file structure_24.csv (CSV, C-alpha atoms)
chain,number,residue,atom,x,y,z
A,1,MET,CA,0.0,0.0,0.0
A,2,GLU,CA,2.9,2.3,0.7
A,3,THR,CA,4.1,1.8,-2.9
A,4,VAL,CA,0.7,2.7,-4.2
A,5,PHE,CA,0.7,5.9,-2.1
A,6,TRP,CA,4.1,7.1,-3.1
A,7,ALA,CA,3.9,6.0,-6.8
A,8,SER,CA,0.5,7.7,-7.2
A,9,SER,CA,1.6,10.8,-5.4
A,10,LEU,CA,4.8,11.1,-7.4
A,11,PHE,CA,2.8,10.6,-10.6
A,12,VAL,CA,0.4,13.4,-9.8
A,13,LEU,CA,3.3,15.6,-8.8
A,14,TYR,CA,5.1,14.8,-12.1
A,15,VAL,CA,2.1,15.5,-14.3
A,16,TYR,CA,1.3,18.9,-12.7
A,17,ALA,CA,4.8,20.1,-11.6
A,18,GLY,CA,7.6,17.9,-12.7
A,19,TYR,CA,6.8,17.8,-16.4
A,20,PRO,CA,6.2,21.5,-16.7
A,21,LEU,CA,9.5,22.1,-15.0
A,22,LEU,CA,11.2,19.6,-17.3
A,23,LEU,CA,9.5,21.2,-20.3
A,24,GLY,CA,10.6,24.7,-19.3
A,25,LEU,CA,14.2,23.7,-18.9
A,26,TRP,CA,14.2,21.5,-22.0
A,27,SER,CA,12.7,24.2,-24.3
A,28,ARG,CA,15.1,26.7,-23.0
A,29,ALA,CA,18.1,24.4,-23.7
A,30,ALA,CA,16.9,22.9,-27.0
A,31,GLY,CA,14.0,25.1,-28.2
A,32,ARG,CA,13.9,26.1,-31.9
A,33,PRO,CA,11.9,29.1,-33.1
A,34,SER,CA,10.0,28.9,-36.3
A,35,ARG,CA,11.9,30.3,-39.3
A,36,ARG,CA,10.1,33.4,-40.6
A,37,ALA,CA,11.5,35.0,-43.8
A,38,PRO,CA,10.2,38.3,-44.9
A,39,HIS,CA,7.2,37.7,-47.2
A,40,THR,CA,6.5,39.2,-50.6
A,41,ALA,CA,2.9,39.4,-51.8
A,42,GLN,CA,3.4,36.2,-53.9
A,43,SER,CA,5.1,34.2,-51.1
A,44,TRP,CA,2.1,34.2,-48.8
A,45,PRO,CA,0.1,31.0,-49.0
A,46,THR,CA,-3.5,31.2,-50.3
A,47,LEU,CA,-6.0,30.6,-47.5
A,48,SER,CA,-9.3,28.8,-47.2
A,49,VAL,CA,-11.3,29.3,-44.0
A,50,VAL,CA,-13.6,26.4,-43.2
A,51,ILE,CA,-16.4,26.8,-40.7
A,52,ALA,CA,-18.6,23.8,-39.8
A,53,ALA,CA,-21.8,25.0,-38.2
A,54,ARG,CA,-25.1,23.6,-36.9
A,55,ASN,CA,-27.9,26.1,-36.2
A,56,GLU,CA,-25.6,29.1,-36.0
A,57,ALA,CA,-27.6,31.4,-38.2
A,58,HIS,CA,-27.6,34.1,-35.5
A,59,ARG,CA,-23.8,34.1,-35.2
A,60,LEU,CA,-22.6,33.5,-38.8
A,61,PRO,CA,-23.1,37.0,-40.2
A,62,ARG,CA,-21.0,38.5,-37.5
A,63,ARG,CA,-18.5,35.7,-37.9
A,64,ILE,CA,-18.2,36.2,-41.6
A,65,ASN,CA,-17.9,40.0,-41.3
A,66,ASN,CA,-15.1,39.4,-38.8
A,67,LEU,CA,-13.3,37.3,-41.4
A,68,LEU,CA,-13.9,39.7,-44.2
A,69,GLU,CA,-12.3,42.5,-42.1
A,70,GLN,CA,-9.0,40.5,-41.9
A,71,SER,CA,-6.2,42.0,-44.0
A,72,TYR,CA,-4.4,39.5,-46.2
A,73,PRO,CA,-2.4,39.8,-49.4
A,74,HIS,CA,-4.7,37.4,-51.3
A,75,PRO,CA,-8.4,37.1,-51.3
A,76,ILE,CA,-9.5,34.6,-48.6
A,77,GLU,CA,-11.8,31.7,-49.6
A,78,ILE,CA,-14.5,31.3,-46.9
A,79,ILE,CA,-16.4,28.0,-46.8
A,80,VAL,CA,-19.4,27.5,-44.5
A,81,VAL,CA,-20.6,23.9,-44.1
A,82,SER,CA,-24.0,23.5,-42.5
A,83,ASP,CA,-24.4,20.2,-40.7
A,84,GLY,CA,-28.1,19.7,-40.9
A,85,SER,CA,-29.0,23.2,-39.8
A,86,THR,CA,-32.7,23.9,-39.4
A,87,ASP,CA,-32.6,27.6,-38.3
A,88,GLY,CA,-32.3,29.3,-41.7
A,89,THR,CA,-28.5,29.2,-42.0
A,90,ARG,CA,-28.8,29.4,-45.8
A,91,ASP,CA,-30.8,32.7,-45.6
A,92,ALA,CA,-28.3,34.1,-43.0
A,93,ILE,CA,-25.4,33.4,-45.4
A,94,ALA,CA,-27.3,34.7,-48.5
A,95,PRO,CA,-26.1,38.3,-48.3
A,96,PHE,CA,-22.5,37.0,-48.4
A,97,SER,CA,-23.0,34.7,-51.4
A,98,GLU,CA,-20.4,36.5,-53.5
A,99,ARG,CA,-17.7,35.9,-50.9
A,100,VAL,CA,-18.8,32.8,-49.1
A,101,ARG,CA,-19.2,29.3,-50.4
A,102,PHE,CA,-22.0,27.5,-48.7
A,103,ILE,CA,-22.3,23.7,-48.5
A,104,ASP,CA,-25.6,22.3,-47.0
A,105,LEU,CA,-25.2,18.8,-45.7
A,106,PRO,CA,-27.7,16.6,-43.9
A,107,ARG,CA,-26.9,16.1,-40.2
A,108,GLY,CA,-23.8,13.9,-40.0
A,109,GLY,CA,-21.6,15.4,-37.4
A,110,LYS,CA,-18.8,18.0,-37.4
A,111,PRO,CA,-16.0,15.7,-38.8
A,112,ARG,CA,-18.1,15.0,-41.9
A,113,ALA,CA,-18.8,18.7,-42.3
A,114,LEU,CA,-15.1,19.5,-42.0
A,115,ASN,CA,-14.2,16.7,-44.5
A,116,ALA,CA,-16.6,18.3,-47.0
A,117,GLY,CA,-15.3,21.8,-46.4
A,118,VAL,CA,-11.7,20.8,-46.9
A,119,ALA,CA,-12.6,18.7,-50.0
A,120,ALA,CA,-14.1,21.9,-51.5
A,121,ALA,CA,-11.2,24.1,-50.5
A,122,HIS,CA,-8.5,25.4,-52.9
A,123,GLY,CA,-6.1,27.2,-50.5
A,124,ASP,CA,-2.6,26.1,-49.8
A,125,VAL,CA,-3.5,26.4,-46.1
A,126,ILE,CA,-6.8,25.6,-44.4
A,127,VAL,CA,-7.8,27.7,-41.5
A,128,PHE,CA,-10.4,26.2,-39.1
A,129,ALA,CA,-12.8,28.4,-37.2
A,130,ASP,CA,-16.0,28.1,-35.2
A,131,ALA,CA,-19.0,30.2,-35.6
A,132,ARG,CA,-19.0,31.6,-32.1
A,133,GLN,CA,-15.6,33.1,-31.7
A,134,ARG,CA,-14.1,36.2,-33.4
A,135,PHE,CA,-10.5,36.8,-34.6
A,136,ALA,CA,-8.4,39.8,-33.6
A,137,PRO,CA,-7.2,41.9,-36.5
A,138,GLY,CA,-4.2,40.4,-38.2
A,139,ALA,CA,-4.9,36.9,-36.9
A,140,LEU,CA,-5.0,35.2,-40.3
A,141,GLN,CA,-1.8,36.8,-41.4
A,142,ALA,CA,0.0,35.9,-38.2
A,143,LEU,CA,-1.1,32.2,-38.6
A,144,ALA,CA,-0.1,32.2,-42.3
A,145,SER,CA,3.3,33.7,-41.6
A,146,ASN,CA,4.5,30.4,-40.2
A,147,PHE,CA,4.1,28.4,-43.4
A,148,ASP,CA,7.2,29.8,-45.0
A,149,ASP,CA,9.1,27.3,-43.0
A,150,PRO,CA,8.8,23.9,-44.7
A,151,ALA,CA,9.2,22.1,-41.3
A,152,ILE,CA,5.9,23.6,-40.1
A,153,GLY,CA,2.7,21.8,-41.1
A,154,GLY,CA,0.3,23.5,-38.8
A,155,ALA,CA,-0.2,26.5,-36.5
A,156,THR,CA,-2.6,27.1,-33.7
A,157,GLY,CA,-3.6,30.5,-32.5
A,158,GLU,CA,-4.2,31.8,-29.0
A,159,LEU,CA,-7.7,31.7,-27.5
A,160,ILE,CA,-8.3,34.5,-25.1
A,161,LEU,CA,-11.2,33.9,-22.6
A,162,ASP,CA,-13.3,36.8,-21.5
A,163,GLY,CA,-12.1,36.7,-17.9
A,164,GLU,CA,-8.5,36.9,-19.0
A,165,LEU,CA,-9.1,40.1,-21.1
A,166,HIS,CA,-11.2,42.2,-18.7
A,167,GLY,CA,-10.8,40.3,-15.4
A,168,VAL,CA,-14.6,39.8,-15.3
A,169,SER,CA,-16.8,37.1,-16.7
A,170,GLU,CA,-20.4,36.0,-16.3
A,171,SER,CA,-19.2,32.5,-15.8
A,172,THR,CA,-19.2,31.0,-12.3
A,173,VAL,CA,-16.1,28.9,-13.1
A,174,ALA,CA,-14.1,31.6,-14.7
A,175,ASP,CA,-11.5,31.7,-11.9
A,176,GLY,CA,-10.6,28.0,-12.1
A,177,VAL,CA,-10.9,27.7,-15.9
A,178,GLY,CA,-9.0,30.9,-16.4
A,179,LEU,CA,-6.1,29.6,-14.3
A,180,TYR,CA,-6.1,26.2,-15.9
A,181,TRP,CA,-6.2,27.8,-19.4
A,182,LYS,CA,-3.2,30.1,-18.6
A,183,TYR,CA,-1.3,27.0,-17.4
A,184,GLU,CA,-2.2,25.1,-20.5
A,185,LYS,CA,-1.1,27.9,-22.8
A,186,TRP,CA,2.2,28.1,-21.0
A,187,MET,CA,2.7,24.4,-21.6
A,188,ARG,CA,1.6,24.8,-25.3
A,189,ARG,CA,4.1,27.6,-25.8
A,190,HIS,CA,7.0,25.6,-24.5
A,191,GLU,CA,5.9,22.4,-26.3
A,192,SER,CA,5.8,24.4,-29.5
A,193,ARG,CA,9.2,25.9,-28.9
A,194,LEU,CA,10.6,22.4,-28.3
A,195,TRP,CA,9.1,20.8,-31.4
A,196,SER,CA,5.3,20.9,-31.6
A,197,THR,CA,2.1,21.4,-29.7
A,198,LEU,CA,0.0,18.3,-28.9
A,199,GLY,CA,-3.1,19.7,-30.5
A,200,ALA,CA,-4.6,22.9,-31.5
A,201,THR,CA,-7.3,25.3,-30.4
A,202,GLY,CA,-10.5,24.4,-32.4
A,203,ALA,CA,-11.4,28.1,-32.6
A,204,ILE,CA,-8.3,29.1,-34.5
A,205,TYR,CA,-5.9,26.7,-36.2
A,206,ALA,CA,-4.4,26.2,-39.6
A,207,MET,CA,-2.7,23.4,-41.5
A,208,ARG,CA,-1.3,22.7,-44.9
A,209,ARG,CA,-4.1,21.3,-47.1
A,210,SER,CA,-1.6,18.7,-48.4
A,211,LEU,CA,-1.3,17.2,-44.9
A,212,TRP,CA,-5.1,16.9,-44.3
A,213,ARG,CA,-6.4,13.3,-44.0
A,214,PRO,CA,-10.2,12.9,-43.8
A,215,LEU,CA,-11.5,12.5,-40.3
A,216,PRO,CA,-13.4,9.4,-39.2
A,217,PRO,CA,-17.0,10.4,-38.7
A,218,GLU,CA,-17.0,9.5,-35.1
A,219,THR,CA,-14.1,11.8,-34.3
A,220,LEU,CA,-14.7,13.9,-31.1
A,221,LEU,CA,-11.6,16.1,-31.2
A,222,ASP,CA,-10.8,17.2,-34.8
A,223,ASP,CA,-8.5,19.9,-33.3
A,224,VAL,CA,-6.3,17.2,-31.7
A,225,LEU,CA,-6.5,14.4,-34.2
A,226,ALA,CA,-5.8,16.5,-37.3
A,227,PRO,CA,-2.7,18.3,-35.7
A,228,MET,CA,-1.4,15.1,-34.3
A,229,ARG,CA,-1.5,13.5,-37.7
A,230,VAL,CA,0.6,16.5,-38.9
A,231,VAL,CA,3.1,15.7,-36.2
A,232,LEU,CA,3.1,12.0,-37.1
A,233,ALA,CA,3.8,13.1,-40.7
A,234,GLY,CA,7.1,14.6,-39.3
A,235,LYS,CA,6.0,18.3,-39.3
A,236,ARG,CA,5.7,20.8,-36.5
A,237,VAL,CA,2.5,22.4,-35.2
A,238,VAL,CA,3.5,25.7,-33.7
A,239,PHE,CA,1.7,28.0,-31.2
A,240,GLU,CA,1.3,31.4,-32.8
A,241,GLU,CA,0.5,33.9,-30.0
A,242,ARG,CA,0.0,36.8,-32.4
A,243,ALA,CA,-3.1,35.0,-33.9
A,244,ARG,CA,-5.7,35.6,-31.3
A,245,ALA,CA,-9.3,34.6,-31.1
A,246,PHE,CA,-11.8,35.6,-28.4
A,247,ASP,CA,-14.3,33.4,-26.6
A,248,ARG,CA,-16.2,33.1,-23.3
A,249,VAL,CA,-15.7,30.7,-20.5
A,250,ALA,CA,-18.5,28.1,-20.3
A,251,ALA,CA,-21.4,29.7,-18.4
A,252,ASN,CA,-21.2,27.4,-15.4
A,253,GLY,CA,-19.6,24.3,-13.9
A,254,ALA,CA,-22.2,22.0,-15.5
A,255,ALA,CA,-21.5,23.4,-19.0
A,256,GLU,CA,-17.7,23.3,-18.4
A,257,SER,CA,-17.9,19.7,-17.1
A,258,ARG,CA,-19.8,18.6,-20.3
A,259,ARG,CA,-17.2,20.3,-22.4
A,260,LYS,CA,-14.3,18.8,-20.4
A,261,THR,CA,-15.9,15.3,-20.4
A,262,ARG,CA,-16.1,15.5,-24.2
A,263,THR,CA,-12.5,16.6,-24.5
A,264,LEU,CA,-11.2,13.8,-22.3
A,265,ALA,CA,-13.4,11.2,-24.0
A,266,GLY,CA,-11.9,12.5,-27.2
A,267,ASN,CA,-8.4,12.0,-25.8
A,268,TYR,CA,-9.2,8.4,-25.0
A,269,GLN,CA,-10.7,8.0,-28.5
A,270,ILE,CA,-7.6,9.3,-30.2
A,271,LEU,CA,-5.5,6.5,-28.7
A,272,ALA,CA,-7.8,4.1,-30.6
A,273,LEU,CA,-7.8,6.1,-33.8
A,274,GLU,CA,-4.1,6.8,-33.8
A,275,PRO,CA,-2.3,4.1,-31.7
A,276,ARG,CA,1.0,5.2,-33.4
A,277,LEU,CA,1.1,8.0,-30.9
A,278,LEU,CA,2.2,5.5,-28.3
A,279,ILE,CA,5.2,4.3,-30.3
A,280,PRO,CA,8.3,6.4,-29.4
A,281,VAL,CA,10.2,6.1,-32.8
A,282,VAL,CA,7.0,7.1,-34.7
A,283,ASN,CA,5.8,9.9,-32.5
A,284,PRO,CA,8.4,12.7,-32.4
A,285,VAL,CA,6.7,14.2,-29.3
A,286,TRP,CA,6.3,10.9,-27.5
A,287,ILE,CA,7.6,12.1,-24.1
A,288,GLN,CA,5.4,15.2,-24.2
A,289,TYR,CA,2.4,13.2,-25.3
A,290,LEU,CA,2.7,10.6,-22.5
A,291,SER,CA,3.5,13.3,-19.9
A,292,HIS,CA,0.8,15.8,-20.9
A,293,LYS,CA,-2.1,14.1,-22.7
A,294,LEU,CA,-1.9,10.6,-21.3
A,295,GLY,CA,-0.9,11.9,-17.9
A,296,ARG,CA,-4.1,13.8,-17.7
A,297,LEU,CA,-6.1,10.7,-18.4
A,298,VAL,CA,-4.4,8.7,-15.7
A,299,THR,CA,-4.3,11.5,-13.1
A,300,PRO,CA,-7.9,11.1,-11.7
A,301,TRP,CA,-7.2,7.4,-11.1
A,302,ALA,CA,-3.9,8.3,-9.4
A,303,LEU,CA,-5.8,10.9,-7.2
A,304,LEU,CA,-8.2,8.2,-6.2
A,305,ALA,CA,-5.3,5.8,-5.4
A,306,VAL,CA,-3.6,8.5,-3.2
A,307,LEU,CA,-6.9,9.0,-1.3
A,308,ALA,CA,-7.6,5.3,-0.8
A,309,SER,CA,-4.0,4.5,0.2
A,310,SER,CA,-4.0,7.5,2.6
A,311,VAL,CA,-7.1,6.1,4.3
A,312,ALA,CA,-5.5,2.7,4.7
A,313,LEU,CA,-2.1,4.0,5.8
A,314,ALA,CA,-3.3,6.9,8.1
A,315,PRO,CA,-3.2,4.8,11.3
A,316,GLN,CA,0.4,3.7,10.6
A,317,GLY,CA,2.1,7.1,10.8
A,318,TRP,CA,1.7,10.9,10.9
A,319,PRO,CA,2.9,11.6,7.3
A,320,TYR,CA,0.0,9.5,5.9
A,321,ALA,CA,-2.5,11.0,8.4
A,322,MET,CA,-1.3,14.4,7.4
A,323,ALA,CA,-1.7,13.6,3.7
A,324,LEU,CA,-5.2,12.3,4.4
A,325,LEU,CA,-6.1,15.5,6.3
A,326,LEU,CA,-4.8,17.7,3.5
A,327,GLN,CA,-6.8,15.8,0.9
A,328,LEU,CA,-10.0,15.9,3.0
A,329,CYS,CA,-9.6,19.7,3.4
A,330,PHE,CA,-9.0,20.1,-0.3
A,331,TYR,CA,-12.1,18.0,-1.3
A,332,SER,CA,-14.2,19.8,1.3
A,333,LEU,CA,-13.1,23.1,-0.2
A,334,ALA,CA,-14.0,21.7,-3.7
A,335,ILE,CA,-17.5,20.6,-2.4
A,336,PHE,CA,-18.0,24.1,-1.0
A,337,GLY,CA,-17.0,25.5,-4.3
A,338,GLY,CA,-19.5,23.2,-6.0
A,339,VAL,CA,-22.3,24.4,-3.7
A,340,LEU,CA,-21.4,28.1,-4.4
A,341,GLU,CA,-21.4,27.3,-8.1
A,342,SER,CA,-24.8,25.5,-8.1
A,343,LYS,CA,-26.3,28.4,-5.9
A,344,HIS,CA,-25.0,30.9,-8.4
A,345,ARG,CA,-26.3,28.9,-11.4
A,346,LEU,CA,-29.8,28.5,-9.9
A,347,GLY,CA,-30.0,32.0,-8.8
A,348,ALA,CA,-28.5,34.1,-11.5
A,349,GLY,CA,-29.5,32.4,-14.8
A,350,PRO,CA,-26.3,32.7,-16.7
A,351,ALA,CA,-26.1,34.3,-20.1
A,352,GLU,CA,-25.5,31.1,-22.0
A,353,GLU,CA,-28.6,29.4,-20.6
A,354,LEU,CA,-30.6,32.5,-21.6
A,355,GLU,CA,-29.0,32.5,-25.0
A,356,ARG,CA,-29.7,28.8,-25.5
A,357,ALA,CA,-33.3,29.3,-24.6
A,358,ALA,CA,-33.6,32.2,-27.0
A,359,SER,CA,-31.9,30.2,-29.7
A,360,SER,CA,-34.3,27.3,-29.2
A,361,ARG,CA,-37.3,29.7,-29.3
A,362,ARG,CA,-35.9,31.1,-32.6
A,363,GLN,CA,-35.6,27.5,-33.9
A,364,ARG,CA,-39.2,26.7,-32.9
A,365,SER,CA,-40.7,29.8,-34.5
B,1,MET,CA,-14.1,35.5,2.7
B,2,LYS,CA,-13.9,36.5,-1.0
B,3,THR,CA,-10.4,34.9,-1.3
B,4,PHE,CA,-11.7,31.7,0.4
B,5,GLN,CA,-14.7,31.5,-1.9
B,6,ARG,CA,-12.4,32.0,-4.9
B,7,LEU,CA,-10.1,29.2,-3.6
B,8,ALA,CA,-13.2,27.0,-3.2
B,9,ARG,CA,-14.2,27.7,-6.8
B,10,VAL,CA,-10.7,26.9,-8.1
B,11,ALA,CA,-10.6,23.7,-6.1
B,12,TYR,CA,-14.0,22.7,-7.4
B,13,THR,CA,-12.9,23.4,-11.0
B,14,PHE,CA,-9.7,21.4,-10.5
B,15,VAL,CA,-11.6,18.4,-9.2
B,16,MET,CA,-14.3,18.7,-11.8
B,17,MET,CA,-11.8,18.9,-14.7
B,18,ASN,CA,-9.7,16.0,-13.4
B,19,TYR,CA,-12.6,13.7,-12.8
B,20,ALA,CA,-14.1,14.5,-16.2
B,21,ALA,CA,-11.5,12.0,-17.5
B,22,ILE,CA,-13.4,9.2,-15.7
B,23,ALA,CA,-16.7,10.6,-16.8
B,24,GLY,CA,-15.3,10.7,-20.4
B,25,LEU,CA,-14.2,7.1,-20.3
B,26,ILE,CA,-17.6,6.0,-19.0
B,27,ALA,CA,-19.4,8.0,-21.6
B,28,LEU,CA,-17.2,6.6,-24.4
B,29,ARG,CA,-17.7,3.0,-23.2
B,30,ARG,CA,-21.4,3.4,-22.9
B,31,GLY,CA,-21.6,5.0,-26.3
B,32,ARG,CA,-23.3,8.0,-24.7
B,33,GLU,CA,-23.4,11.0,-27.0
B,34,VAL,CA,-20.7,13.3,-26.0
B,35,TRP,CA,-20.6,15.1,-29.3
B,36,LYS,CA,-21.7,18.7,-29.1
call {"tool": "encode", "arguments": {"input": "structure_24.csv", "output": "structure tokens"}}
result
Amino acid sequence: METVFWASSLFVLYVYAGYPLLLGLWSRAAGRPSRRAPHTAQSWPTLSVVIAARNEAHRLPRRINNLLEQSYPHPIEIIVVSDGSTDGTRDAIAPFSERVRFIDLPRGGKPRALNAGVAAAHGDVIVFADARQRFAPGALQALASNFDDPAIGGATGELILDGELHGVSESTVADGVGLYWKYEKWMRRHESRLWSTLGATGAIYAMRRSLWRPLPPETLLDDVLAPMRVVLAGKRVVFEERARAFDRVAANGAAESRRKTRTLAGNYQILALEPRLLIPVVNPVWIQYLSHKLGRLVTPWALLAVLASSVALAPQGWPYAMALLLQLCFYSLAIFGGVLESKHRLGAGPAEELERAASSRRQRS
Amino acid sequence: MKTFQRLARVAYTFVMMNYAAIAGLIALRRGREVWK
């Protein structure tokens, strides 16, 4: 039981502190910046922006205007793929018909919509975007500037959450999610500097069209599977901090939990879809993948093992009793946080819930 | 009190985000729809 306690504790410590420390030192010693040569108007790659959307008619005009406002040396191809929308998406897109290609598919899931969008695209580089977020000025140019380096196959931008920008958010979990997201971005920055990030931000990422492989229809995380396939093809996926997109934190703990559950289910699924990620000679970021992505999947089991072994070992000595006490304090604090969160959710009626209700009313009418 | 509440919210988010890995595995095994 002592072995279980110490092995699990060290594992959690490694995932959350040891690996970031190792990564920071490693990227400082062996990091390689991306090679950016000065571009001429001809040397910029042509871009196709693909947006897969389901019932986003209320957001798409703003989204398209945001893309049309981007400055870029070439005209940007914009492709909107509707995945079985029933809210008048076609009509919402109609005013942009000269600048936007619209593909209307029956409902089949986001991966099929993305596959159709990329198949229709002509750009050297495909940029993926969602309907909800908006890009900062210059974001597309910043993303594209990386593709002058032939070693780079993809680039992911930086997603700024509302709480980060103004220090305020309507979300009840903004504090925790904001901290976590800053920590994640720090890791992503250093992993990028070392060789490659281990995924991308779905709201803003780009890859060479030549490296795209159609996604299996059941794919949960296109923004991890597609970039990891780029990495498996021997190319880098870099984190481009000058390419910024803006979004909100999920409105509350329940919404964030659903989002996170889907993300982690997707990380399990990717192991089945791309088992090559587990082979060190095939995956150039094997250590990072095991420490970061796989580590996060194993951590909750390790946390449970630490708790169970602490309970069993507490009568045997004060270090174990102390460890148990600390964990009980921490979990009690978390339960109190959960109570605060649910009170806030029930009392305030967060914006996203209101927006969802409004959207469903629009759909019905 | 405000700092304590903030700490509590951060602890809740940490626990929720970590244990989502278990929820994700269960959802995947049961074939529950986790697609948005």
call {"tool": "residues_around", "arguments": {"input": "structure_24.csv", "residues": "Phe11 (chain A)", "least_positions_apart": "6", "cutoff": "12 Å", "atoms": "all atoms listed in the file", "output": "number ranges by chain"}}
result
A: 3-5, 17-19, 290-292, 294-303, 305-306
call {"tool": "atom_distance", "arguments": {"input": "structure_24.csv", "atom1": "CA of Lys110 (chain A)", "atom2": "CA of Asn146 (chain A)"}}
result
26.5 Å
call {"tool": "interface_residues", "arguments": {"input": "structure_24.csv", "of": "chain B", "to": "chain A", "cutoff": "7 Å", "atoms": "all atoms listed in the file", "output": "list of chain:residue names"}}
result
B:Gln5, B:Ala8, B:Arg9, B:Val10, B:Ala11, B:Tyr12, B:Thr13, B:Phe14, B:Val15, B:Met16, B:Met17, B:Asn18, B:Tyr19, B:Ala20, B:Ala21, B:Ala23, B:Gly24, B:Leu25, B:Leu28, B:Val34, B:Trp35
call {"tool": "atom_distance", "arguments": {"input": "structure_24.csv", "atom1": "CA of Met187 (chain A)", "atom2": "CA of Val282 (chain A)"}}
result
22.1 Å
call {"tool": "closest_residue", "arguments": {"input": "structure_24.csv", "among": "A:Ala314, A:Leu60, A:Ala139, A:Ile79", "to": "Leu326 (chain A)", "atoms": "only C-alpha atoms"}}
result
A:Ala314
call {"tool": "closest_residue", "arguments": {"input": "structure_24.csv", "among": "A:Ser192, A:Ser210, A:Asn115, A:Ser8", "to": "Gly153 (chain A)", "atoms": "all atoms listed in the file"}}
result
A:Ser210
call {"tool": "residues_around", "arguments": {"input": "structure_24.csv", "residues": "Ala30 (chain A)", "least_positions_apart": "6", "cutoff": "10 Å", "atoms": "all atoms listed in the file", "output": "PDB file with C-alpha atoms, keeping the file's coordinate frame"}}
result
ATOM      1  CA  ARG A 193       9.200  25.900 -28.900  1.00  0.00           C
ATOM      2  CA  LEU A 194      10.600  22.400 -28.300  1.00  0.00           C
ATOM      3  CA  TRP A 195       9.100  20.800 -31.400  1.00  0.00           C
TER       4      TRP A 195
END
call {"tool": "atom_distance", "arguments": {"input": "structure_24.csv", "atom1": "CA of Ala113 (chain A)", "atom2": "CA of Ala52 (chain A)"}}
result
5.7 Å
call {"tool": "residues_around", "arguments": {"input": "structure_24.csv", "residues": "Leu278 (chain A)", "least_positions_apart": "4", "cutoff": "12 Å", "atoms": "all atoms listed in the file", "output": "MDAnalysis selection string"}}
result
chainID A and resid 228 232 270:274 282:291 293:294
call {"tool": "residues_around", "arguments": {"input": "structure_24.csv", "residues": "Thr156 (chain A)", "least_positions_apart": "6", "cutoff": "8 Å", "atoms": "only C-alpha atoms", "output": "VMD selection string"}}
result
chain A and resid 143 200 to 201 204 to 206 237 to 240 243
call {"tool": "residues_around", "arguments": {"input": "structure_24.csv", "residues": "region 118-120 of chain A", "least_positions_apart": "6", "cutoff": "10 Å", "atoms": "only C-alpha atoms", "output": "short mmCIF file (atom, residue, chain, number, x, y, z; two decimals) with C-alpha atoms, in the frame of the given file"}}
result
data_model
loop_
_atom_site.label_atom_id
_atom_site.label_comp_id
_atom_site.auth_asym_id
_atom_site.auth_seq_id
_atom_site.Cartn_x
_atom_site.Cartn_y
_atom_site.Cartn_z
CA SER A 48 -9.30 28.80 -47.20
CA VAL A 49 -11.30 29.30 -44.00
CA VAL A 50 -13.60 26.40 -43.20
CA ILE A 51 -16.40 26.80 -40.70
CA ILE A 79 -16.40 28.00 -46.80
CA VAL A 81 -20.60 23.90 -44.10
CA ARG A 101 -19.20 29.30 -50.40
CA ILE A 103 -22.30 23.70 -48.50
CA ARG A 112 -18.10 15.00 -41.90
CA ILE A 126 -6.80 25.60 -44.40
CA VAL A 127 -7.80 27.70 -41.50
CA PHE A 128 -10.40 26.20 -39.10
CA ARG A 209 -4.10 21.30 -47.10
CA TRP A 212 -5.10 16.90 -44.30
CA ARG A 213 -6.40 13.30 -44.00
CA PRO A 214 -10.20 12.90 -43.80
#
call {"tool": "closest_residue", "arguments": {"input": "structure_24.csv", "among": "A:Gly31, A:Pro20, A:Pro137, A:Gly117", "to": "Leu67 (chain A)", "atoms": "only C-alpha atoms"}}
result
A:Pro137
